[in-house]
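Asks: Structure file input.cif (mmCIF, C-alpha atoms) right here:
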data_input
loop_
_atom_site.label_atom_id
_atom_site.label_comp_id
_atom_site.auth_asym_id
_atom_site.auth_seq_id
_atom_site.Cartn_x
_atom_site.Cartn_y
_atom_site.Cartn_z
CA MET A 222 5.88 -126.50 39.08
CA LEU A 223 2.18 -126.72 38.37
CA ASN A 224 0.76 -124.90 35.36
CA ARG A 225 -1.18 -121.85 36.49
CA ILE A 226 -4.35 -121.59 34.41
CA MET A 227 -7.87 -120.52 35.30
CA ILE A 228 -10.48 -123.11 34.51
CA LYS A 229 -14.05 -123.86 35.50
CA ARG A 230 -14.83 -127.49 36.03
CA LYS A 231 -17.47 -129.89 37.22
CA PRO A 232 -16.42 -133.00 39.13
CA SER A 233 -17.01 -136.31 37.39
CA HIS A 234 -19.55 -138.53 39.11
CA ARG A 235 -19.19 -141.50 36.76
CA ARG A 236 -18.72 -144.71 38.67
CA GLY A 237 -15.14 -145.87 38.42
CA ALA A 238 -14.00 -142.78 36.49
CA ARG A 239 -10.21 -142.76 36.05
CA ASN A 240 -8.46 -139.49 35.12
CA LYS A 241 -5.90 -137.11 36.58
CA HIS A 242 -8.49 -135.85 39.08
CA SER A 243 -9.38 -139.38 40.22
CA SER A 244 -9.77 -140.00 43.93
CA ARG A 245 -7.54 -143.07 43.55
CA PRO A 246 -4.04 -142.24 44.86
CA LYS A 247 -1.46 -142.55 42.09
CA LYS A 248 1.63 -140.96 43.61
CA ARG A 249 3.85 -141.61 46.57
CA ARG A 250 2.43 -139.76 49.53
CA PRO A 251 4.78 -136.84 50.20
CA THR A 252 6.37 -136.15 53.54
CA ALA A 253 7.25 -132.94 55.39
CA SER A 254 10.79 -133.12 53.99
CA ASP A 255 9.38 -132.55 50.49
CA GLY A 256 8.32 -128.99 51.32
CA VAL A 257 5.91 -127.06 53.53
CA TRP A 258 2.34 -128.14 54.12
CA ILE A 259 -0.17 -125.29 53.89
CA TYR A 260 -3.77 -125.99 54.73
CA GLY A 261 -7.09 -124.25 55.24
CA GLN A 262 -9.32 -122.58 52.66
CA HIS A 263 -7.88 -119.06 52.66
CA ALA A 264 -4.24 -120.04 53.23
CA GLY A 265 -4.36 -122.83 50.64
CA LEU A 266 -6.06 -120.83 47.89
CA ALA A 267 -3.74 -117.86 48.49
CA ALA A 268 -0.66 -120.10 48.31
CA ILE A 269 -1.53 -121.68 44.97
CA ALA A 270 -2.47 -118.26 43.56
CA ASN A 271 0.88 -116.77 44.59
CA PRO A 272 3.30 -116.81 41.62
CA LYS A 273 6.22 -116.73 44.09
CA ARG A 274 5.21 -120.15 45.46
CA GLN A 275 6.50 -123.33 43.89
CA ILE A 276 3.68 -125.85 44.29
CA HIS A 277 4.47 -129.56 44.40
CA GLN A 278 1.09 -131.15 45.08
CA LEU A 279 -2.46 -130.11 45.83
CA PHE A 280 -4.86 -132.41 47.65
CA ILE A 281 -8.53 -131.50 47.99
CA THR A 282 -11.68 -133.31 49.00
CA ARG A 283 -14.61 -133.63 46.61
CA LYS A 284 -16.64 -131.42 48.94
CA PHE A 285 -14.00 -128.68 48.67
CA LEU A 286 -14.01 -129.02 44.88
CA GLU A 287 -17.79 -128.66 44.75
CA SER A 288 -17.82 -125.54 46.94
CA HIS A 289 -14.57 -123.82 45.87
CA GLY A 290 -13.62 -125.43 42.54
CA ASN A 291 -14.09 -122.22 40.57
CA GLU A 292 -11.61 -120.47 42.88
CA LEU A 293 -8.79 -122.89 42.09
CA PRO A 294 -6.25 -121.11 39.85
CA ILE A 295 -4.60 -124.38 38.76
CA ASP A 296 -5.84 -127.53 37.09
CA ASP A 297 -3.46 -130.08 38.58
CA PHE A 298 -4.79 -131.55 41.82
CA GLU A 299 -5.78 -134.85 43.38
CA ILE A 300 -9.14 -135.55 44.95
CA VAL A 301 -8.77 -137.56 48.15
CA ASP A 302 -10.85 -138.55 51.15
CA ARG A 303 -10.75 -136.24 54.16
CA GLY A 304 -8.99 -138.95 56.16
CA GLU A 305 -6.10 -139.00 53.70
CA ILE A 306 -5.47 -135.30 54.33
CA ASP A 307 -5.77 -135.93 58.07
CA ALA A 308 -3.05 -138.58 57.78
CA ILE A 309 -0.45 -136.32 56.15
CA LEU A 310 -0.98 -133.26 58.36
CA PRO A 311 -0.28 -132.77 62.09
CA ALA A 312 -2.98 -134.07 64.42
CA ASP A 313 -6.09 -131.98 65.05
CA VAL A 314 -5.44 -129.27 62.45
CA VAL A 315 -8.46 -127.75 60.73
CA HIS A 316 -7.64 -128.13 57.02
CA GLN A 317 -11.15 -127.55 55.57
CA GLY A 318 -10.55 -130.10 52.83
CA ILE A 319 -7.39 -128.66 51.22
CA ALA A 320 -3.67 -129.34 51.70
CA VAL A 321 -0.92 -127.79 49.58
CA LEU A 322 2.66 -129.02 49.50
CA ALA A 323 4.86 -126.10 48.49
CA GLU A 324 8.34 -124.71 48.73
CA PRO A 325 8.91 -122.00 51.36
CA LEU A 326 8.64 -118.47 50.04
CA PRO A 327 11.90 -116.84 48.95
CA GLU A 328 13.51 -115.03 51.87
CA MET A 329 13.82 -111.26 51.88
CA ASP A 330 16.29 -109.19 53.88
CA ILE A 331 15.94 -105.68 55.32
CA SER A 332 17.60 -103.98 52.35
CA GLU A 333 15.22 -105.69 49.91
CA LEU A 334 12.23 -104.70 52.03
CA LEU A 335 13.40 -101.09 52.05
CA GLU A 336 13.72 -101.21 48.26
CA CYS A 337 10.11 -102.39 48.05
CA VAL A 338 8.83 -99.44 50.11
CA ALA A 339 11.27 -96.84 48.75
CA GLY A 340 8.53 -94.93 46.91
CA ASN A 341 5.90 -95.24 49.65
CA LYS A 342 5.93 -92.07 51.74
CA ARG A 343 3.34 -93.46 54.18
CA ALA A 344 4.65 -97.00 54.57
CA VAL A 345 3.95 -98.77 57.87
CA LEU A 346 6.04 -101.70 59.08
CA LEU A 347 5.66 -103.99 62.09
CA ILE A 348 8.65 -105.26 64.06
CA LEU A 349 8.15 -108.18 66.46
CA ASP A 350 10.76 -108.51 69.20
CA GLN A 351 11.21 -112.22 70.06
CA ALA A 352 7.71 -113.35 69.11
CA THR A 353 7.68 -117.17 69.10
CA ASP A 354 4.06 -118.31 68.67
CA PRO A 355 3.32 -119.09 65.00
CA ARG A 356 -0.40 -118.48 65.44
CA ASN A 357 0.22 -115.09 67.00
CA ILE A 358 2.59 -114.10 64.22
CA GLY A 359 0.10 -115.34 61.64
CA ALA A 360 -2.64 -113.27 63.25
CA VAL A 361 -0.34 -110.22 63.19
CA LEU A 362 0.19 -110.77 59.44
CA ARG A 363 -3.57 -110.97 58.97
CA SER A 364 -4.09 -107.67 60.81
CA GLY A 365 -1.23 -106.16 58.84
CA ALA A 366 -2.87 -107.09 55.54
CA ALA A 367 -6.18 -105.67 56.74
CA PHE A 368 -4.61 -102.28 57.52
CA GLY A 369 -2.20 -102.00 54.60
CA CYS A 370 1.03 -102.83 56.44
CA ALA A 371 3.98 -103.06 54.05
CA GLY A 372 5.93 -105.74 55.90
CA VAL A 373 6.55 -107.59 59.16
CA ILE A 374 10.04 -108.01 60.59
CA VAL A 375 10.64 -110.77 63.14
CA HIS A 376 13.64 -111.39 65.34
CA ASP A 377 15.28 -114.48 63.89
CA ARG A 378 16.14 -115.93 67.30
CA ASN A 379 13.43 -118.47 68.22
CA ALA A 380 11.06 -117.16 65.56
CA PRO A 381 9.00 -120.02 64.08
CA ALA A 382 9.26 -121.07 60.46
CA ALA A 383 6.53 -119.92 58.10
CA THR A 384 4.80 -123.30 58.00
CA GLY A 385 1.21 -124.52 58.15
CA ALA A 386 0.07 -123.21 61.55
CA LEU A 387 1.41 -119.73 60.84
CA ALA A 388 -0.03 -119.68 57.31
CA LYS A 389 -3.44 -120.87 58.56
CA ALA A 390 -3.58 -118.15 61.23
CA ALA A 391 -2.52 -115.57 58.63
CA SER A 392 -5.54 -116.56 56.51
CA GLY A 393 -3.75 -115.86 53.24
CA ALA A 394 -1.77 -112.81 54.43
CA LEU A 395 1.53 -114.73 54.41
CA GLU A 396 1.34 -114.64 50.61
CA LYS A 397 0.62 -110.89 50.55
CA ILE A 398 2.92 -109.30 53.15
CA PRO A 399 6.69 -109.87 53.28
CA MET A 400 7.87 -111.48 56.52
CA VAL A 401 11.53 -110.62 57.00
CA ARG A 402 13.87 -112.26 59.51
CA ALA A 403 16.47 -110.05 61.18
CA SER A 404 19.30 -111.46 63.28
CA ASN A 405 19.90 -108.11 64.99
CA LEU A 406 16.89 -105.87 65.65
CA ARG A 407 19.03 -102.90 66.73
CA GLN A 408 20.73 -102.92 63.34
CA ALA A 409 17.38 -103.40 61.61
CA LEU A 410 15.90 -100.41 63.45
CA SER A 411 18.95 -98.34 62.58
CA ALA A 412 18.52 -99.23 58.90
CA LEU A 413 14.85 -98.26 59.06
CA GLN A 414 15.67 -94.95 60.72
CA GLY A 415 18.26 -94.30 58.03
CA ALA A 416 15.50 -94.80 55.45
CA GLY A 417 13.29 -92.21 57.13
CA PHE A 418 11.15 -94.44 59.36
CA TRP A 419 10.01 -93.19 62.77
CA CYS A 420 10.36 -96.18 65.11
CA VAL A 421 7.73 -96.32 67.86
CA GLY A 422 7.87 -99.02 70.52
CA LEU A 423 4.82 -100.32 72.38
CA ASP A 424 5.70 -100.42 76.09
CA GLY A 425 3.27 -100.77 78.98
CA SER A 426 5.49 -98.59 81.19
CA ALA A 427 5.62 -95.68 78.74
CA ASP A 428 4.30 -92.29 79.85
CA LYS A 429 2.67 -91.43 76.53
CA MET A 430 -0.57 -92.94 75.21
CA LEU A 431 -0.69 -94.24 71.66
CA GLY A 432 -3.41 -91.76 70.71
CA ASP A 433 -1.29 -88.81 71.91
CA ALA A 434 1.86 -89.70 69.96
CA GLU A 435 3.13 -87.78 66.97
CA LEU A 436 3.47 -90.51 64.40
CA GLY A 437 5.70 -90.02 61.40
CA ALA A 438 4.55 -90.55 57.82
CA ARG A 439 6.89 -93.55 57.46
CA LEU A 440 6.29 -95.57 60.59
CA ALA A 441 7.82 -98.68 62.15
CA LEU A 442 5.79 -100.08 65.05
CA VAL A 443 7.80 -102.25 67.44
CA LEU A 444 6.00 -104.81 69.60
CA GLY A 445 7.50 -107.11 72.21
CA ALA A 446 6.74 -110.68 73.17
CA GLU A 447 3.79 -111.30 75.44
CA GLY A 448 4.69 -110.99 79.10
CA LYS A 449 8.30 -109.96 78.49
CA GLY A 450 7.58 -106.93 76.33
CA LEU A 451 10.41 -105.13 74.54
CA ARG A 452 13.97 -105.98 75.45
CA ARG A 453 16.01 -103.12 76.87
CA LEU A 454 18.26 -102.62 73.85
CA THR A 455 15.29 -102.72 71.50
CA ARG A 456 13.44 -100.20 73.66
CA GLU A 457 16.44 -97.88 73.71
CA SER A 458 16.70 -98.06 69.92
CA CYS A 459 13.18 -96.70 69.38
CA ASP A 460 12.52 -93.03 68.62
CA ASP A 461 9.50 -92.96 70.92
CA LEU A 462 7.65 -95.21 73.37
CA VAL A 463 3.89 -95.35 73.76
CA LYS A 464 1.33 -97.56 75.46
CA ILE A 465 -2.19 -98.73 74.75
CA PRO A 466 -4.60 -97.63 77.51
CA ILE A 467 -6.02 -100.71 79.21
CA THR A 468 -7.53 -101.26 82.64
CA GLU A 469 -5.55 -102.51 85.60
CA ASP A 470 -7.51 -105.75 85.46
CA MET A 471 -5.18 -107.02 82.73
CA GLU A 472 -1.42 -106.73 82.64
CA SER A 473 -1.09 -106.83 78.86
CA LEU A 474 -2.80 -107.60 75.57
CA ASN A 475 -2.33 -110.51 73.23
CA LEU A 476 0.36 -109.63 70.67
CA SER A 477 -1.97 -109.83 67.68
CA ASN A 478 -4.63 -107.76 69.45
CA ALA A 479 -2.06 -105.09 70.31
CA ALA A 480 -0.89 -105.04 66.70
CA ALA A 481 -4.45 -104.66 65.39
CA ILE A 482 -5.27 -101.81 67.80
CA THR A 483 -2.02 -100.01 66.99
CA LEU A 484 -2.52 -100.36 63.24
CA TYR A 485 -6.10 -99.12 63.53
CA GLU A 486 -5.01 -96.06 65.49
CA THR A 487 -2.25 -95.39 62.96
CA THR A 488 -4.72 -95.63 60.08
CA ARG A 489 -7.31 -93.47 61.86
CA SER A 490 -4.86 -90.74 62.76
CA GLY A 491 -3.19 -90.84 59.38
#
As a first step, turn the structure in this file into structure tokens.

Replies:
Amino acid sequence: MLNRIMIKRKPSHRRGARNKHSSRPKKRRPTASDGVWIYGQHAGLAAIANPKRQIHQLFITRKFLESHGNELPIDDFEIVDRGEIDAILPADVVHQGIAVLAEPLPEMDISELLECVAGNKRAVLLILDQATDPRNIGAVLRSGAAFGCAGVIVHDRNAPAATGALAKAASGALEKIPMVRASNLRQALSALQGAGFWCVGLDGSADKMLGDAELGARLALVLGAEGKGLRRLTRESCDDLVKIPITEDMESLNLSNAAAITLYETTRSG
């Protein structure tokens, strides 16, 4: 694991300089089987600053070092050309000159999440029913961090792994908000209700508007997949159903947009 120390540095411009920050590759180029690639300025910096992450390697360009070097919380990295980062990441990703090879975050289950929020009388959680798009889930995490959400629960079936695309869309929020996988959402909702959470499902066919709902102090907001919405059993497990008022021109909202609007309304009314 890399040593975590804060240091200010200036890149060496001596011709032919050879040190541990040299742009000459010295190690075997890692592959995806060695860990998870996280890329992008916010996602990468957040990952290496997260003490729960085990970091294997950090590749940055000299341009990234010059503009963000003082934000690096570790002093073990390798300066490479932009093309070298392009070669180890999926095609067409926007990495912004940083790529981090790390272990996945430790998994958390529902009981552990409830322990984390046990003393929070106004905790808000998000539950995503069969969301499958990593960028959408990442954007939901980003909105959750912006509005103080205490955790995001995803249905384990077909849910994507927390890899680069999800982390990039989360813009650092993956390191700040627990993302919990649940194999059975009905059981998860029951556990939340047992812990005093009021479970509110977002459903376009509901009679009640979001702004008119009585929202509990400890709140679990349940959102369905785009197009399909909430599954029947999930819907029936909620304490209340509400909808976001939109025009008839559009059938539904993007999942991350719906999450952001719902969280804003919850914050405003709370």

Asks: Please determine, counting only C-alpha atoms, which residue among A:Ala371, A:Ala480, A:Leu406, A:Ala391 has the shortest atom-to-atom distance to Asn341 in chain A.

Replies: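 So, comparing all the options, the nearest one is A:Ala371.
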
Asks: Name all residues at most 12 Å from Gly415 in chain A (count all atoms listed in the file; drop same-chain ones fewer than 3 positions away) and give them as number ranges by chain.

Replies: A: 331-332, 335, 339, 408-412, 418-420, 439

Asks: Please report the interatomic distance between CA of Ala386 in chain A and CA of Gly372 in chain A in Å with one decimal.

Replies: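 For CA of Ala386 in chain A relative to CA of Gly372 in chain A, the distance reads 19.3 Å.
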
Asks: For the atom pair CA of Gly417 in chain A and CA of Asp461 in chain A, what is the interatomic distance in Å to one decimal place?

Replies: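 CA of Asp461 in chain A lies at a distance of 14.3 Å from CA of Gly417 in chain A.
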
Asks: List the residues matched by the PyMOL selection byres ((chain A and resi 302-307) around 7) in the displayed structure as a compact mmCIF listing (two decimals) with C-alpha atoms, keeping the file's coordinate frame, ordered by chain and then by residue number.

Replies:
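Output saved as out29.txt:
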# COMPACT_ATOMS: atom_id res chain seq x y z
CA THR A 282 -11.68 -133.31 49.00
CA VAL A 301 -8.77 -137.56 48.15
CA ALA A 308 -3.05 -138.58 57.78
CA ILE A 309 -0.45 -136.32 56.15
CA LEU A 310 -0.98 -133.26 58.36
CA GLY A 318 -10.55 -130.10 52.83
CA ALA A 320 -3.67 -129.34 51.70

Asks: Of the residues A:His263, A:Arg407, A:Arg356, A:Arg453, which is the one nearest to Ala394 in chain A, using all atoms listed in the file?

Replies: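 Counting all atoms listed in the file, the residue closest to Ala394 in chain A is A:His263.
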
Asks: Could you tell me which residues the PyMOL selection byres ((chain A and resi 265) around 9) returns for this structure, as a list in words?

Replies: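 Selected by the PyMOL selection byres ((chain A and resi 265) around 9) here: Ile259, Tyr260, Gly261, Gln262, His263, Ala264, Leu266, Ala267, Ala268, Ile269, Ala270, Leu279, His316, Ile319, Ala320, Val321, Ala388, Lys389, Ser392 and Gly393 of chain A.
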
Asks: Given the choices A:Val257, A:Gly340, A:Ser458, A:Gln278, which gets closest to Val421 in chain A if the distance is worked out from only C-alpha atoms?

Replies: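 Of all the options, A:Ser458 lies closest to Val421 in chain A.
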
Asks: Would you work out the distance separating CA of Ile295 in chain A from CA of Leu395 in chain A, expressed in Å to one decimal?

Replies: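 If I compute the distance from CA of Ile295 in chain A to CA of Leu395 in chain A, I get 19.4 Å.
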
Asks: For a quick check of understanding, using all atoms listed in the file, which of A:Val361, A:Leu286, A:Ile398, A:Val314 has the smallest distance to Cys337 in chain A?

Replies: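 Answer, going by the shortest atom-to-atom distance: A:Ile398.
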
Asks: Choose the residue, out of A:Ile348, A:Val315, A:Ala380, A:Ala323, that has the smallest atom-to-atom separation from Ala441 in chain A; count only C-alpha atoms.

Replies: A:Ile348

Asks: Under the PyMOL selection byres ((chain A and resi 446) around 8), which residues of this model are included? Write them out as a compact mmCIF listing (two decimals) with C-alpha atoms, in the frame of the given file.

Replies:
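The result, written out as expr-v7.txt:
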# COMPACT_ATOMS: atom_id res chain seq x y z
CA LEU A 349 8.15 -108.18 66.46
CA ASP A 350 10.76 -108.51 69.20
CA GLN A 351 11.21 -112.22 70.06
CA ALA A 352 7.71 -113.35 69.11
CA THR A 353 7.68 -117.17 69.10
CA LEU A 444 6.00 -104.81 69.60
CA GLY A 445 7.50 -107.11 72.21
CA GLU A 447 3.79 -111.30 75.44
CA GLY A 448 4.69 -110.99 79.10
CA LYS A 449 8.30 -109.96 78.49
CA GLY A 450 7.58 -106.93 76.33
CA LEU A 451 10.41 -105.13 74.54
CA LEU A 476 0.36 -109.63 70.67

Asks: What's around His277 in chain A at 9 Å? Count only C-alpha atoms, leave out sequence neighbours fewer than 2 positions away in its own chain, and write the answer as a PDB file with C-alpha atoms, in the frame of the given file.

Replies:
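See out_32.pdb below for the written result:
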ATOM      1  CA  MET A 222       5.880-126.500  39.080  1.00  0.00           C
ATOM      2  CA  LEU A 223       2.180-126.720  38.370  1.00  0.00           C
ATOM      3  CA  ASP A 255       9.380-132.550  50.490  1.00  0.00           C
ATOM      4  CA  GLY A 256       8.320-128.990  51.320  1.00  0.00           C
ATOM      5  CA  GLN A 275       6.500-123.330  43.890  1.00  0.00           C
ATOM      6  CA  LEU A 279      -2.460-130.110  45.830  1.00  0.00           C
ATOM      7  CA  VAL A 321      -0.920-127.790  49.580  1.00  0.00           C
ATOM      8  CA  LEU A 322       2.660-129.020  49.500  1.00  0.00           C
ATOM      9  CA  ALA A 323       4.860-126.100  48.490  1.00  0.00           C
ATOM     10  CA  GLU A 324       8.340-124.710  48.730  1.00  0.00           C
TER      11      GLU A 324
END

Asks: Using all atoms listed in the file for the distances, tell me which of A:Ala383, A:Leu334, A:Met329, A:Ala366 is nearest to Asp354 in chain A.

Replies: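 The answer is A:Ala383, which sits nearest to Asp354 in chain A.
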
Asks: Could you add N, CA and C atoms to range 299-313 of chain A and give me the result as a short mmCIF file (atom, residue, chain, number, x, y, z; two decimals), in the coordinates of the input?

Replies:
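Wrote result.cif, looks like this:
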data_model
loop_
_atom_site.label_atom_id
_atom_site.label_comp_id
_atom_site.auth_asym_id
_atom_site.auth_seq_id
_atom_site.Cartn_x
_atom_site.Cartn_y
_atom_site.Cartn_z
N GLU A 299 -5.33 -133.49 43.14
CA GLU A 299 -5.78 -134.85 43.38
C GLU A 299 -6.91 -134.83 44.40
N ILE A 300 -8.00 -135.45 44.04
CA ILE A 300 -9.14 -135.55 44.95
C ILE A 300 -8.93 -136.75 45.87
N VAL A 301 -9.00 -136.51 47.17
CA VAL A 301 -8.77 -137.56 48.15
C VAL A 301 -9.87 -137.50 49.22
N ASP A 302 -9.94 -138.55 50.01
CA ASP A 302 -10.85 -138.55 51.15
C ASP A 302 -10.29 -137.64 52.24
N ARG A 303 -11.17 -137.12 53.07
CA ARG A 303 -10.75 -136.24 54.16
C ARG A 303 -9.73 -136.93 55.07
N GLY A 304 -9.90 -138.22 55.29
CA GLY A 304 -8.99 -138.95 56.16
C GLY A 304 -7.58 -139.00 55.62
N GLU A 305 -7.43 -138.99 54.28
CA GLU A 305 -6.10 -139.00 53.70
C GLU A 305 -5.36 -137.69 53.98
N ILE A 306 -6.09 -136.58 53.98
CA ILE A 306 -5.47 -135.30 54.33
C ILE A 306 -5.14 -135.29 55.82
N ASP A 307 -6.04 -135.83 56.63
CA ASP A 307 -5.77 -135.93 58.07
C ASP A 307 -4.46 -136.68 58.32
N ALA A 308 -4.21 -137.71 57.54
CA ALA A 308 -3.05 -138.58 57.78
C ALA A 308 -1.72 -137.92 57.44
N ILE A 309 -1.72 -136.93 56.54
CA ILE A 309 -0.45 -136.32 56.15
C ILE A 309 -0.18 -135.01 56.87
N LEU A 310 -1.16 -134.51 57.62
CA LEU A 310 -0.98 -133.26 58.36
C LEU A 310 -0.85 -133.55 59.86
N PRO A 311 -0.34 -132.58 60.64
CA PRO A 311 -0.28 -132.77 62.09
C PRO A 311 -1.67 -133.04 62.66
N ALA A 312 -1.70 -133.70 63.80
CA ALA A 312 -2.98 -134.07 64.42
C ALA A 312 -3.80 -132.84 64.78
N ASP A 313 -5.10 -132.96 64.58
CA ASP A 313 -6.09 -131.98 65.05
C ASP A 313 -6.05 -130.63 64.34
#
